[in-house]
$ cat protein-v2.txt   # compact mmCIF, C-alpha atoms and all ligand atoms
# COMPACT_ATOMS: atom_id res chain seq x y z
CA MET A 1 116.86 133.38 104.53
CA SER A 2 118.59 130.03 104.64
CA THR A 3 120.46 128.50 107.52
CA LYS A 4 123.74 129.17 105.82
CA ASP A 5 122.88 132.84 106.12
CA PHE A 6 123.31 132.38 109.83
CA LEU A 7 126.90 131.44 109.38
CA GLU A 8 127.78 133.87 106.63
CA LYS A 9 126.10 136.97 107.91
CA ASP A 10 126.98 139.01 110.94
CA TYR A 11 123.67 140.50 111.94
CA TYR A 12 125.19 142.40 114.86
CA LYS A 13 127.56 144.12 112.52
CA THR A 14 124.73 144.87 110.08
CA LEU A 15 122.83 146.69 112.82
CA GLY A 16 125.98 148.13 114.34
CA VAL A 17 125.35 146.75 117.81
CA ALA A 18 127.38 144.65 120.22
CA LYS A 19 126.73 140.92 120.61
CA THR A 20 125.58 141.68 124.13
CA ALA A 21 123.13 144.37 123.02
CA LYS A 22 119.82 144.51 124.83
CA PRO A 23 116.55 144.20 122.83
CA ALA A 24 115.89 147.93 123.24
CA GLU A 25 119.29 148.80 121.78
CA ILE A 26 118.69 146.49 118.83
CA LYS A 27 115.31 148.05 118.21
CA ALA A 28 116.68 151.57 118.35
CA ALA A 29 119.54 150.72 115.99
CA TYR A 30 117.15 149.10 113.56
CA ARG A 31 114.78 152.08 113.53
CA LYS A 32 117.54 154.52 112.87
CA LEU A 33 118.99 152.47 109.99
CA ALA A 34 115.59 151.57 108.55
CA ARG A 35 114.63 155.25 108.31
CA LYS A 36 117.91 156.05 106.63
CA TYR A 37 117.78 153.27 104.03
CA HIS A 38 114.04 153.02 103.53
CA PRO A 39 113.23 152.64 99.80
CA ASP A 40 110.75 155.53 99.99
CA ALA A 41 113.57 157.83 101.02
CA ASN A 42 116.01 156.41 98.48
CA LYS A 43 114.04 156.13 95.27
CA GLY A 44 116.02 154.33 92.53
CA ASN A 45 118.96 153.67 94.81
CA ALA A 46 119.63 149.95 94.45
CA SER A 47 122.37 149.73 97.04
CA ALA A 48 120.19 151.48 99.62
CA GLU A 49 117.46 148.98 98.88
CA GLU A 50 119.90 146.12 99.32
CA ARG A 51 121.08 147.56 102.59
CA PHE A 52 117.49 147.97 103.76
CA LYS A 53 116.86 144.29 103.12
CA GLU A 54 119.95 143.28 105.08
CA ILE A 55 118.89 145.46 107.99
CA SER A 56 115.38 143.96 107.95
CA GLU A 57 116.74 140.46 107.85
CA ALA A 58 119.14 141.08 110.70
CA TYR A 59 116.42 142.66 112.79
CA SER A 60 113.95 139.83 112.11
CA VAL A 61 116.42 137.39 113.68
CA LEU A 62 117.87 139.49 116.49
CA SER A 63 114.49 140.84 117.62
CA ASP A 64 113.17 137.33 118.11
CA GLU A 65 114.56 135.92 121.33
CA LYS A 66 114.39 132.30 120.18
CA ARG A 67 115.90 132.87 116.78
CA ARG A 68 118.61 135.12 118.20
CA LYS A 69 119.59 132.31 120.56
CA GLU A 70 119.74 129.81 117.70
CA TYR A 71 121.78 132.23 115.67
CA ASP A 72 124.24 132.77 118.53
CA GLU A 73 124.54 129.02 119.10
CA ALA A 74 125.18 128.28 115.45
CA ARG A 75 127.90 130.87 115.22
CA SER A 76 129.60 129.85 118.43
CA LEU A 77 129.58 126.22 117.33
CA PHE A 78 130.91 126.63 113.84
CA GLY A 79 132.34 130.09 114.05
CA GLY A 80 130.92 132.90 112.02
CA GLY A 81 132.06 134.36 108.81
CA PHE A 82 133.11 131.45 106.65
CA ARG A 83 131.58 130.91 103.26
CA VAL A 84 129.31 127.93 102.83
CA PRO A 85 129.29 126.55 99.33
CA THR A 86 125.82 125.57 98.17
CA GLY A 87 125.21 122.23 96.55
CA SER A 88 128.87 121.55 96.11
CA ARG A 89 130.59 118.24 96.36
CA PRO A 90 132.62 117.60 99.44
CA GLY A 91 136.20 118.53 99.01
CA GLY A 92 139.31 117.25 100.69
CA GLY A 93 138.41 118.46 104.12
CA GLY A 94 137.55 121.38 106.28
CA PHE A 95 134.12 122.83 106.13
CA ASN A 96 133.58 122.35 102.48
CA PHE A 97 130.06 121.04 102.69
CA ASP A 98 126.53 122.32 102.71
CA LEU A 99 125.50 122.98 106.27
CA GLY A 100 121.97 123.41 105.04
CA ASP A 101 121.70 119.65 104.95
CA ILE A 102 122.69 119.24 108.56
CA PHE A 103 120.24 121.89 109.59
CA GLY A 104 117.37 120.27 107.79
CA GLY A 105 117.69 120.90 104.11
CA THR A 106 117.01 124.34 102.77
CA GLY A 107 114.50 125.05 105.49
CA ASP A 108 114.39 128.58 106.77
CA ALA A 109 116.01 129.70 109.93
CA GLY A 110 112.79 129.29 111.90
CA GLY A 111 113.29 125.54 112.08
CA GLY A 112 116.35 123.40 112.00
CA LEU A 113 118.86 125.13 114.18
CA GLY A 114 117.04 124.53 117.43
CA ASP A 115 117.27 120.83 116.63
CA LEU A 116 120.89 121.03 115.67
CA PHE A 117 122.22 118.31 117.93
CA GLY A 118 119.22 116.04 117.58
CA GLY A 119 119.48 116.46 113.85
CA VAL A 120 123.12 115.55 113.68
CA PHE A 121 122.76 112.45 115.78
CA ASN A 122 119.46 111.18 114.45
CA ARG A 123 120.00 111.95 110.84
CA GLY A 124 121.98 108.81 110.17
CA SER A 125 119.30 106.29 111.00
CA ARG A 126 116.59 108.46 109.54
CA GLY A 127 118.56 108.81 106.36
CA THR A 128 118.94 105.07 106.06
CA ALA A 129 115.23 104.52 106.41
CA GLN A 130 114.53 107.23 103.87
CA ASN A 131 116.85 105.64 101.43
CA ARG A 132 115.68 102.06 101.53
CA PRO A 133 113.32 100.85 98.83
CA ARG A 134 109.87 101.62 100.14
CA ARG A 135 106.71 99.66 99.50
CA GLY A 136 103.85 101.72 98.11
CA ALA A 137 100.89 102.48 100.34
CA ASP A 138 97.81 100.29 100.41
CA VAL A 139 94.84 101.95 98.81
CA GLU A 140 91.18 101.37 99.55
CA THR A 141 88.28 102.03 97.23
CA GLU A 142 84.68 100.98 96.79
CA THR A 143 82.51 99.55 94.08
CA THR A 144 78.85 98.65 93.78
CA LEU A 145 77.86 95.48 91.97
CA THR A 146 74.59 94.12 90.78
CA PHE A 147 73.37 91.07 92.64
CA GLY A 148 74.12 88.85 89.66
CA ASP A 149 77.63 90.19 89.10
CA ALA A 150 78.44 89.56 92.76
CA ILE A 151 77.40 85.94 92.39
CA ASP A 152 79.02 85.26 89.04
CA GLY A 153 82.11 87.45 89.38
CA THR A 154 82.89 90.35 87.10
CA THR A 155 85.53 92.81 86.01
CA VAL A 156 85.04 96.40 87.09
CA ALA A 157 86.82 99.60 86.11
CA LEU A 158 88.05 101.40 89.23
CA ARG A 159 89.16 104.99 89.13
CA LEU A 160 91.89 105.60 91.69
CA THR A 161 93.25 108.97 92.70
CA GLY A 162 96.51 109.23 94.52
CA GLU A 163 100.15 110.08 94.40
CA GLY A 164 101.88 108.21 91.66
CA PRO A 165 104.71 108.57 89.19
CA CYS A 166 104.70 111.93 87.43
CA PRO A 167 103.11 111.24 84.03
CA THR A 168 105.33 113.79 82.30
CA CYS A 169 108.65 112.20 83.25
CA HIS A 170 107.31 108.72 84.14
CA GLY A 171 108.63 109.14 87.65
CA THR A 172 112.25 109.78 86.80
CA GLY A 173 112.09 113.46 87.75
CA ALA A 174 114.15 114.28 84.68
CA LYS A 175 113.09 116.60 81.89
CA ALA A 176 111.93 114.94 78.66
CA GLY A 177 114.87 113.67 76.66
CA THR A 178 117.15 113.44 79.70
CA VAL A 179 117.65 110.72 82.27
CA PRO A 180 118.81 110.88 85.87
CA ARG A 181 122.31 109.60 86.46
CA VAL A 182 123.65 107.63 89.39
CA CYS A 183 124.89 110.04 92.00
CA PRO A 184 128.67 110.18 91.68
CA VAL A 185 129.15 111.30 95.27
CA CYS A 186 127.47 108.38 97.02
CA ASP A 187 127.57 105.91 94.12
CA GLY A 188 123.83 105.64 94.29
CA THR A 189 123.60 104.66 97.95
CA GLY A 190 122.09 107.98 98.97
CA GLN A 191 124.25 107.98 102.12
CA SER A 192 127.35 109.82 103.04
CA SER A 193 129.41 109.58 106.20
CA ARG A 194 132.27 111.63 107.44
CA ASN A 195 133.94 112.67 110.63
CA LEU A 196 133.43 116.23 111.62
CA GLY A 197 135.60 116.80 114.63
CA SER A 198 133.93 114.91 117.41
CA PHE A 199 130.79 114.27 115.36
CA GLY A 200 130.46 111.11 113.31
CA ILE A 201 127.88 112.01 110.77
CA SER A 202 125.97 109.68 108.53
CA GLU A 203 123.44 111.62 106.61
CA PRO A 204 121.56 111.60 103.34
CA CYS A 205 123.93 112.38 100.52
CA LYS A 206 123.79 116.13 99.95
CA GLU A 207 124.35 115.82 96.26
CA CYS A 208 121.27 113.72 95.59
CA ARG A 209 119.41 114.39 98.85
CA GLY A 210 119.36 110.70 99.64
CA ARG A 211 117.81 109.54 96.40
CA GLY A 212 120.94 108.00 94.91
CA LEU A 213 120.21 109.66 91.58
CA VAL A 214 120.83 113.16 90.41
CA VAL A 215 118.70 114.99 87.90
CA ASP A 216 120.51 117.62 85.86
CA ASP A 217 117.42 119.01 84.11
CA PRO A 218 114.40 118.65 86.36
CA CYS A 219 111.04 117.77 84.89
CA PRO A 220 109.03 121.02 84.87
CA ALA A 221 105.79 119.25 85.82
CA CYS A 222 107.02 117.78 89.11
CA SER A 223 110.08 119.97 89.76
CA GLY A 224 112.23 116.85 89.70
CA SER A 225 110.43 114.95 92.44
CA GLY A 226 109.11 112.32 90.02
CA ARG A 227 105.81 112.23 91.92
CA ALA A 228 102.44 113.69 91.03
CA MET A 229 98.83 113.47 92.07
CA SER A 230 97.01 111.63 89.37
CA SER A 231 94.06 109.44 88.76
CA ARG A 232 94.25 106.15 87.00
CA THR A 233 91.69 103.61 86.00
CA ILE A 234 92.39 99.96 86.55
CA GLN A 235 90.43 96.88 85.61
CA ALA A 236 89.86 94.78 88.70
CA ARG A 237 88.64 91.21 88.65
CA ILE A 238 85.98 90.62 91.29
CA PRO A 239 85.75 86.91 92.05
CA ALA A 240 82.46 85.03 91.98
CA GLY A 241 80.48 84.90 95.18
CA VAL A 242 81.44 88.16 96.88
CA ALA A 243 79.03 89.35 99.54
CA ASP A 244 77.83 92.83 100.39
CA GLY A 245 80.39 94.62 102.60
CA GLN A 246 83.24 92.24 101.74
CA ARG A 247 86.73 93.63 101.14
CA ILE A 248 88.63 92.21 98.19
CA LYS A 249 92.41 92.43 98.14
CA ILE A 250 94.00 93.00 94.77
CA ALA A 251 97.73 92.55 95.24
CA GLY A 252 100.12 95.03 93.73
CA LYS A 253 97.50 97.51 92.55
CA GLY A 254 97.97 100.05 95.35
CA ALA A 255 100.30 103.04 95.31
CA PRO A 256 103.57 102.50 93.46
CA GLY A 257 106.66 101.79 95.54
CA GLU A 258 109.64 104.09 95.82
CA ARG A 259 113.26 103.42 94.91
CA GLY A 260 112.41 100.02 93.46
CA GLY A 261 110.10 98.96 96.31
CA PRO A 262 106.99 96.93 95.47
CA ALA A 263 103.61 98.53 94.94
CA GLY A 264 101.07 98.43 97.76
CA ASP A 265 97.84 96.48 97.60
CA LEU A 266 94.43 97.66 96.57
CA TYR A 267 91.46 96.85 98.77
CA VAL A 268 88.05 97.08 97.19
CA ARG A 269 85.04 97.33 99.48
CA VAL A 270 82.17 95.72 97.61
CA HIS A 271 78.57 96.83 97.91
CA VAL A 272 75.93 94.58 96.37
CA LYS A 273 72.57 95.88 95.22
CA PRO A 274 69.61 93.86 96.46
CA HIS A 275 67.74 91.63 94.01
CA PRO A 276 63.95 91.92 93.74
CA VAL A 277 63.50 88.15 94.06
CA PHE A 278 66.60 86.45 95.41
CA GLY A 279 68.43 86.87 98.66
CA ARG A 280 71.72 85.52 99.96
CA SER A 281 72.48 83.35 102.93
CA GLY A 282 76.18 82.57 102.76
CA ASP A 283 76.70 80.46 99.68
CA ASN A 284 73.00 79.78 99.34
CA LEU A 285 70.46 81.77 97.43
CA THR A 286 67.07 82.23 98.99
CA VAL A 287 63.68 82.72 97.39
CA THR A 288 60.20 82.86 98.84
CA VAL A 289 57.54 81.22 96.69
CA PRO A 290 53.80 81.80 97.03
CA VAL A 291 51.71 78.63 97.08
CA THR A 292 48.03 77.90 97.59
CA PHE A 293 46.56 76.11 100.57
CA ALA A 294 45.51 73.32 98.22
CA GLU A 295 49.08 72.84 96.98
CA LEU A 296 50.37 72.45 100.52
CA ALA A 297 47.46 70.26 101.63
CA LEU A 298 47.27 68.00 98.60
CA GLY A 299 50.90 68.20 97.42
CA ALA A 300 52.08 69.65 94.12
CA GLU A 301 54.99 70.18 91.81
CA VAL A 302 55.70 73.90 91.55
CA LYS A 303 58.02 75.80 89.28
CA VAL A 304 60.36 78.18 91.10
CA PRO A 305 62.80 80.68 89.54
CA SER A 306 66.53 80.02 89.71
CA HIS A 307 69.16 82.68 89.32
CA ARG A 308 70.24 83.04 85.70
CA GLY A 309 68.83 79.68 84.75
CA ALA A 310 65.62 77.92 83.78
CA PRO A 311 62.97 77.56 86.49
CA VAL A 312 63.39 74.45 88.59
CA THR A 313 60.60 72.15 89.76
CA VAL A 314 60.13 71.63 93.48
CA ARG A 315 57.95 68.77 94.65
CA ILE A 316 55.77 69.72 97.59
CA PRO A 317 54.60 66.65 99.47
CA PRO A 318 50.97 66.49 100.72
CA GLY A 319 50.52 68.09 104.11
CA THR A 320 53.44 70.50 103.87
CA PRO A 321 53.28 73.21 106.55
CA ASN A 322 53.37 76.82 105.53
CA GLY A 323 56.88 78.33 105.73
CA ARG A 324 58.74 75.08 105.06
CA THR A 325 62.02 75.49 103.19
CA PHE A 326 63.13 73.14 100.42
CA ARG A 327 66.71 72.84 99.29
CA VAL A 328 67.58 72.69 95.60
CA GLN A 329 71.20 71.52 95.36
CA GLY A 330 73.61 73.22 93.00
CA LYS A 331 71.54 76.32 92.30
CA GLY A 332 73.26 78.63 94.74
CA VAL A 333 76.51 80.58 94.75
CA ARG A 334 79.67 79.08 93.29
CA ARG A 335 82.35 78.61 95.94
CA LYS A 336 86.11 79.01 95.58
CA ASP A 337 86.59 75.23 95.56
CA GLY A 338 84.29 74.90 92.56
CA THR A 339 81.32 73.51 94.44
CA THR A 340 78.06 75.39 94.50
CA GLY A 341 75.64 76.29 97.25
CA SER A 342 71.90 75.62 97.19
CA LEU A 343 68.75 77.47 96.34
CA LEU A 344 66.62 77.58 99.48
CA VAL A 345 62.94 77.72 98.53
CA THR A 346 60.52 78.80 101.24
CA VAL A 347 56.83 78.24 100.59
CA GLU A 348 54.32 80.85 101.72
CA VAL A 349 50.58 80.39 101.51
CA MET A 350 48.82 83.00 99.49
CA VAL A 351 45.35 83.70 100.82
CA PRO A 352 43.01 84.76 97.98
CA GLN A 353 41.65 88.28 98.40
CA ASN A 354 38.66 87.72 96.14
CA LEU A 355 36.85 84.41 95.74
CA ASN A 356 34.52 83.62 92.88
CA GLY A 357 31.33 81.75 93.61
CA LYS A 358 32.67 78.30 92.86
CA ALA A 359 35.81 78.68 94.91
CA ARG A 360 33.84 80.23 97.76
CA SER A 361 31.38 77.38 97.94
CA ALA A 362 34.25 74.88 97.77
CA ILE A 363 35.91 76.49 100.77
CA GLU A 364 32.59 76.70 102.59
CA ASN A 365 32.24 72.98 101.96
CA LEU A 366 35.73 72.44 103.35
CA ARG A 367 34.83 74.38 106.49
CA GLU A 368 31.75 72.26 106.93
CA ALA A 369 33.69 69.05 106.38
CA THR A 370 36.34 69.98 108.93
CA ALA A 371 34.03 71.57 111.50
CA GLY A 372 34.92 68.99 114.13
CA GLN A 373 38.62 69.85 114.03
CA ASP A 374 39.81 72.73 116.16
CA PRO A 375 43.37 73.62 115.09
CA ARG A 376 43.86 75.48 118.37
CA GLU A 377 42.84 72.63 120.62
CA GLU A 378 46.37 71.47 121.32
CA LEU A 379 47.61 75.03 121.77
CA LEU A 380 44.98 75.73 124.38
CA GLU A 381 45.80 72.52 126.21
CA ARG A 382 49.54 73.18 126.24
CA ALA A 383 49.04 76.72 127.45
CA LYS A 384 47.78 75.24 130.73
CA GLU A 385 51.15 73.64 131.45
CA ALA A 386 53.13 75.22 134.22
ZN ZN B 401 107.95 114.84 86.34
ZN ZN B 402 124.31 110.90 96.37

$ encode --input "protein-v2.txt" --output "structure tokens"
Amino acid sequence: MSTKDFLEKDYYKTLGVAKTAKPAEIKAAYRKLARKYHPDANKGNASAEERFKEISEAYSVLSDEKRRKEYDEARSLFGGGFRVPTGSRPGGGGFNFDLGDIFGGTGDAGGGLGDLFGGVFNRGSRGTAQNRPRRGADVETETTLTFGDAIDGTTVALRLTGEGPCPTCHGTGAKAGTVPRVCPVCDGTGQSSRNLGSFGISEPCKECRGRGLVVDDPCPACSGSGRAMSSRTIQARIPAGVADGQRIKIAGKGAPGERGGPAGDLYVRVHVKPHPVFGRSGDNLTVTVPVTFAELALGAEVKVPSHRGAPVTVRIPPGTPNGRTFRVQGKGVRRKDGTTGSLLVTVEVMVPQNLNGKARSAIENLREATAGQDPREELLERAKEA
């Protein structure tokens, strides 16, 4: 039942009880009438069925203490028994308007009436906020990039699911071949104000329910709301140099706005797959390069891989300690300002697992030649310091 039922229907009369009737009296009256008009006892009797429904409705309200109170309040405030036109335009005066709007739309009697006063006084500001152009929501999604695409930048296809314009009516809410028209009651503002005795009411326009547009033939897909859950695929440009875990903002690609408001933004959380060879350290790329003891001891020029380019030559000076890092300028990650980070090359001695006879005897000769040098001598000395 709708809230206007409260004002049009006299439930006490339907059950044949006084307004002051006690719950037990109401229950007894209901039982007696329900037995009499029950459809099982009146097969094929349409008017009995109708009467049975009225009795049930009346009892459902009057048997519930809270709803009975709301019903009594509504009728004492506005008086019972007048007809409430539904969806009509306001006339010259009097009560020629849809009370359903004041009571919270077409909501059932369970809500609304208890909030009658709050609703009347708050509705104005709430209505204004509802009616303003509203920016679409921000949307967040994720994507996983290869290491190389993260460094060089790429375009990815992102599939987004969310509420958007109804694809059938393109968000107008109007059936194909028709268009919504500007609401003639509020001239498209979505607001209406009037004085109702001591109440000054500003509320969403009842004709268009605050939208400012009226749809004569609603779109069957969205029932006229113009909104639908949908998924869309967008092409998003991921700039060069993004790092794992970074959030990229793509302006204007979030949820569409309402009533002419701008779209929200899309945030893309980027995950970057690790590379088998290269690592990242800010704008620098890192690589660890195996070298021999001889290369570090005697010096060498070694070829090291660069990302998506020809190998670069790194000169290792004689006597280079294991683990030293060399910087190769310009072979890192491109920055926003157009400059580029470095490739950081760390050398790591590779100890041979198997030595052939010649190499073995050469190393044995080395051991012999350096027998007088104890590499731990200094360590042992310094360990004695306090
Ligand atoms: Zn639609
Ligand atoms: Zn309107």

$ closest_atom_pairs --input "protein-v2.txt" --of "chain A" --to "ligand ZN 401 (chain B)" --cutoff "10 Å" --atoms "all atoms listed in the file" --output "CSV"
residue,atom,partner,partner_atom,distance
A:Pro165,CA,B:ZN401,ZN,7.6
A:Cys166,CA,B:ZN401,ZN,4.5
A:Pro167,CA,B:ZN401,ZN,6.5
A:Thr168,CA,B:ZN401,ZN,4.9
A:Cys169,CA,B:ZN401,ZN,4.1
A:His170,CA,B:ZN401,ZN,6.5
A:Gly171,CA,B:ZN401,ZN,5.9
A:Thr172,CA,B:ZN401,ZN,6.7
A:Gly173,CA,B:ZN401,ZN,4.6
A:Ala174,CA,B:ZN401,ZN,6.4
A:Lys175,CA,B:ZN401,ZN,7.0
A:Ala176,CA,B:ZN401,ZN,8.7
A:Pro218,CA,B:ZN401,ZN,7.5
A:Cys219,CA,B:ZN401,ZN,4.5
A:Pro220,CA,B:ZN401,ZN,6.4
A:Ala221,CA,B:ZN401,ZN,4.9
A:Cys222,CA,B:ZN401,ZN,4.1
A:Ser223,CA,B:ZN401,ZN,6.5
A:Gly224,CA,B:ZN401,ZN,5.8
A:Ser225,CA,B:ZN401,ZN,6.6
A:Gly226,CA,B:ZN401,ZN,4.6
A:Arg227,CA,B:ZN401,ZN,6.5
A:Ala228,CA,B:ZN401,ZN,7.3

$ closest_residue --input "protein-v2.txt" --among "A:Leu62, A:Asn284, A:Ala48, A:Leu33" --to "A:Tyr12" --atoms "all atoms listed in the file"
A:Leu62

$ atom_distance --input "protein-v2.txt" --atom1 "atom CA of A:Leu15" --atom2 "atom CA of A:Tyr30"
6.2 Å

$ atom_distance --input "protein-v2.txt" --atom1 "atom CA of A:Ala383" --atom2 "atom CA of A:Pro321"
21.6 Å

$ residues_near_ligand --input "protein-v2.txt" --ligand "ligand ZN 402 (chain B)" --cutoff "8 Å" --atoms "all atoms listed in the file" --output "list in words"
Val182, Cys183, Pro184, Val185, Cys186, Asp187, Gly188, Thr189, Gly190, Gln191, Ser192, Pro204, Cys205, Lys206, Glu207, Cys208, Arg209, Gly210, Arg211, Gly212, Leu213 and Val214 of chain A

$ atom_distance --input "protein-v2.txt" --atom1 "atom CA of A:Lys27" --atom2 "atom CA of A:Asn45"
24.3 Å

$ residues_around --input "protein-v2.txt" --residues "stretch 332-343 of chain A" --least-positions-apart "3" --cutoff "12 Å" --atoms "only C-alpha atoms" --output "MDAnalysis selection string"
chainID A and resid 147:153 239:243 278:289 304:309 311:314 325:329 346

$ residues_around --input "protein-v2.txt" --residues "A:Tyr59" --least-positions-apart "3" --cutoff "12 Å" --atoms "only C-alpha atoms" --output "PyMOL selection string"
chain A and resi 10-17+23-34+52-56+62-65+67-68

$ residues_around --input "protein-v2.txt" --residues "A:Ala255" --least-positions-apart "4" --cutoff "8 Å" --atoms "all atoms listed in the file" --output "short mmCIF file (atom, residue, chain, number, x, y, z; two decimals) with C-alpha atoms, in the frame of the given file"
data_model
loop_
_atom_site.label_atom_id
_atom_site.label_comp_id
_atom_site.auth_asym_id
_atom_site.auth_seq_id
_atom_site.Cartn_x
_atom_site.Cartn_y
_atom_site.Cartn_z
CA GLY A 136 103.85 101.72 98.11
CA ALA A 137 100.89 102.48 100.34
CA ASP A 138 97.81 100.29 100.41
CA VAL A 139 94.84 101.95 98.81
CA GLY A 162 96.51 109.23 94.52
CA GLU A 163 100.15 110.08 94.40
CA GLY A 164 101.88 108.21 91.66
CA ALA A 263 103.61 98.53 94.94
CA GLY A 264 101.07 98.43 97.76
CA ASP A 265 97.84 96.48 97.60
#

$ residues_around --input "protein-v2.txt" --residues "A:Pro317" --least-positions-apart "5" --cutoff "12 Å" --atoms "all atoms listed in the file" --output "compact mmCIF listing (two decimals) with C-alpha atoms, keeping the file's coordinate frame"
# COMPACT_ATOMS: atom_id res chain seq x y z
CA ALA A 294 45.51 73.32 98.22
CA GLU A 295 49.08 72.84 96.98
CA LEU A 296 50.37 72.45 100.52
CA ALA A 297 47.46 70.26 101.63
CA LEU A 298 47.27 68.00 98.60
CA GLY A 299 50.90 68.20 97.42
CA ALA A 300 52.08 69.65 94.12
CA GLU A 301 54.99 70.18 91.81
CA VAL A 302 55.70 73.90 91.55
CA ASN A 322 53.37 76.82 105.53
CA ARG A 324 58.74 75.08 105.06
CA PHE A 326 63.13 73.14 100.42
CA VAL A 347 56.83 78.24 100.59

$ closest_residue --input "protein-v2.txt" --among "A:Val272, A:Val61, A:Leu160, A:Val215" --to "A:Met229" --atoms "all atoms listed in the file"
A:Leu160

$ build_atoms --input "protein-v2.txt" --residues "stretch 367-381 of chain A" --atoms "N, CA, C and O atoms" --output "PDB file, in the coordinates of the input"
ATOM      1  N   ARG A 367      35.049  73.970 105.103  1.00  0.00           N
ATOM      2  CA  ARG A 367      34.830  74.380 106.490  1.00  0.00           C
ATOM      3  C   ARG A 367      33.820  73.444 107.161  1.00  0.00           C
ATOM      4  O   ARG A 367      34.012  73.013 108.296  1.00  0.00           O
ATOM      5  N   GLU A 368      32.792  73.141 106.414  1.00  0.00           N
ATOM      6  CA  GLU A 368      31.750  72.260 106.930  1.00  0.00           C
ATOM      7  C   GLU A 368      32.325  70.869 107.220  1.00  0.00           C
ATOM      8  O   GLU A 368      32.089  70.286 108.280  1.00  0.00           O
ATOM      9  N   ALA A 369      33.147  70.407 106.264  1.00  0.00           N
ATOM     10  CA  ALA A 369      33.690  69.050 106.380  1.00  0.00           C
ATOM     11  C   ALA A 369      34.688  68.927 107.521  1.00  0.00           C
ATOM     12  O   ALA A 369      34.914  67.839 108.063  1.00  0.00           O
ATOM     13  N   THR A 370      35.324  70.041 107.880  1.00  0.00           N
ATOM     14  CA  THR A 370      36.340  69.980 108.930  1.00  0.00           C
ATOM     15  C   THR A 370      35.874  70.663 110.210  1.00  0.00           C
ATOM     16  O   THR A 370      36.688  71.048 111.049  1.00  0.00           O
ATOM     17  N   ALA A 371      34.574  70.802 110.369  1.00  0.00           N
ATOM     18  CA  ALA A 371      34.030  71.570 111.500  1.00  0.00           C
ATOM     19  C   ALA A 371      34.415  70.948 112.834  1.00  0.00           C
ATOM     20  O   ALA A 371      34.562  71.634 113.840  1.00  0.00           O
ATOM     21  N   GLY A 372      34.596  69.650 112.867  1.00  0.00           N
ATOM     22  CA  GLY A 372      34.920  68.990 114.130  1.00  0.00           C
ATOM     23  C   GLY A 372      36.364  69.180 114.565  1.00  0.00           C
ATOM     24  O   GLY A 372      36.731  68.859 115.695  1.00  0.00           O
ATOM     25  N   GLN A 373      37.191  69.710 113.686  1.00  0.00           N
ATOM     26  CA  GLN A 373      38.620  69.850 114.030  1.00  0.00           C
ATOM     27  C   GLN A 373      38.925  71.270 114.479  1.00  0.00           C
ATOM     28  O   GLN A 373      38.684  72.216 113.741  1.00  0.00           O
ATOM     29  N   ASP A 374      39.392  71.404 115.674  1.00  0.00           N
ATOM     30  CA  ASP A 374      39.810  72.730 116.160  1.00  0.00           C
ATOM     31  C   ASP A 374      41.336  72.806 116.120  1.00  0.00           C
ATOM     32  O   ASP A 374      41.998  72.139 116.911  1.00  0.00           O
ATOM     33  N   PRO A 375      41.892  73.577 115.204  1.00  0.00           N
ATOM     34  CA  PRO A 375      43.370  73.620 115.090  1.00  0.00           C
ATOM     35  C   PRO A 375      44.045  74.210 116.329  1.00  0.00           C
ATOM     36  O   PRO A 375      45.253  74.094 116.494  1.00  0.00           O
ATOM     37  N   ARG A 376      43.267  74.844 117.197  1.00  0.00           N
ATOM     38  CA  ARG A 376      43.860  75.480 118.370  1.00  0.00           C
ATOM     39  C   ARG A 376      43.710  74.641 119.637  1.00  0.00           C
ATOM     40  O   ARG A 376      44.128  75.058 120.702  1.00  0.00           O
ATOM     41  N   GLU A 377      43.112  73.463 119.444  1.00  0.00           N
ATOM     42  CA  GLU A 377      42.840  72.630 120.620  1.00  0.00           C
ATOM     43  C   GLU A 377      44.122  72.317 121.386  1.00  0.00           C
ATOM     44  O   GLU A 377      44.212  72.502 122.597  1.00  0.00           O
ATOM     45  N   GLU A 378      45.118  71.859 120.669  1.00  0.00           N
ATOM     46  CA  GLU A 378      46.370  71.470 121.320  1.00  0.00           C
ATOM     47  C   GLU A 378      47.060  72.664 121.962  1.00  0.00           C
ATOM     48  O   GLU A 378      47.593  72.582 123.064  1.00  0.00           O
ATOM     49  N   LEU A 379      46.985  73.785 121.249  1.00  0.00           N
ATOM     50  CA  LEU A 379      47.610  75.030 121.770  1.00  0.00           C
ATOM     51  C   LEU A 379      47.008  75.415 123.115  1.00  0.00           C
ATOM     52  O   LEU A 379      47.714  75.741 124.067  1.00  0.00           O
ATOM     53  N   LEU A 380      45.667  75.335 123.156  1.00  0.00           N
ATOM     54  CA  LEU A 380      44.980  75.730 124.380  1.00  0.00           C
ATOM     55  C   LEU A 380      45.320  74.782 125.524  1.00  0.00           C
ATOM     56  O   LEU A 380      45.476  75.188 126.653  1.00  0.00           O
ATOM     57  N   GLU A 381      45.448  73.492 125.196  1.00  0.00           N
ATOM     58  CA  GLU A 381      45.800  72.520 126.210  1.00  0.00           C
ATOM     59  C   GLU A 381      47.201  72.782 126.764  1.00  0.00           C
ATOM     60  O   GLU A 381      47.426  72.814 127.971  1.00  0.00           O
TER      61      GLU A 381
END
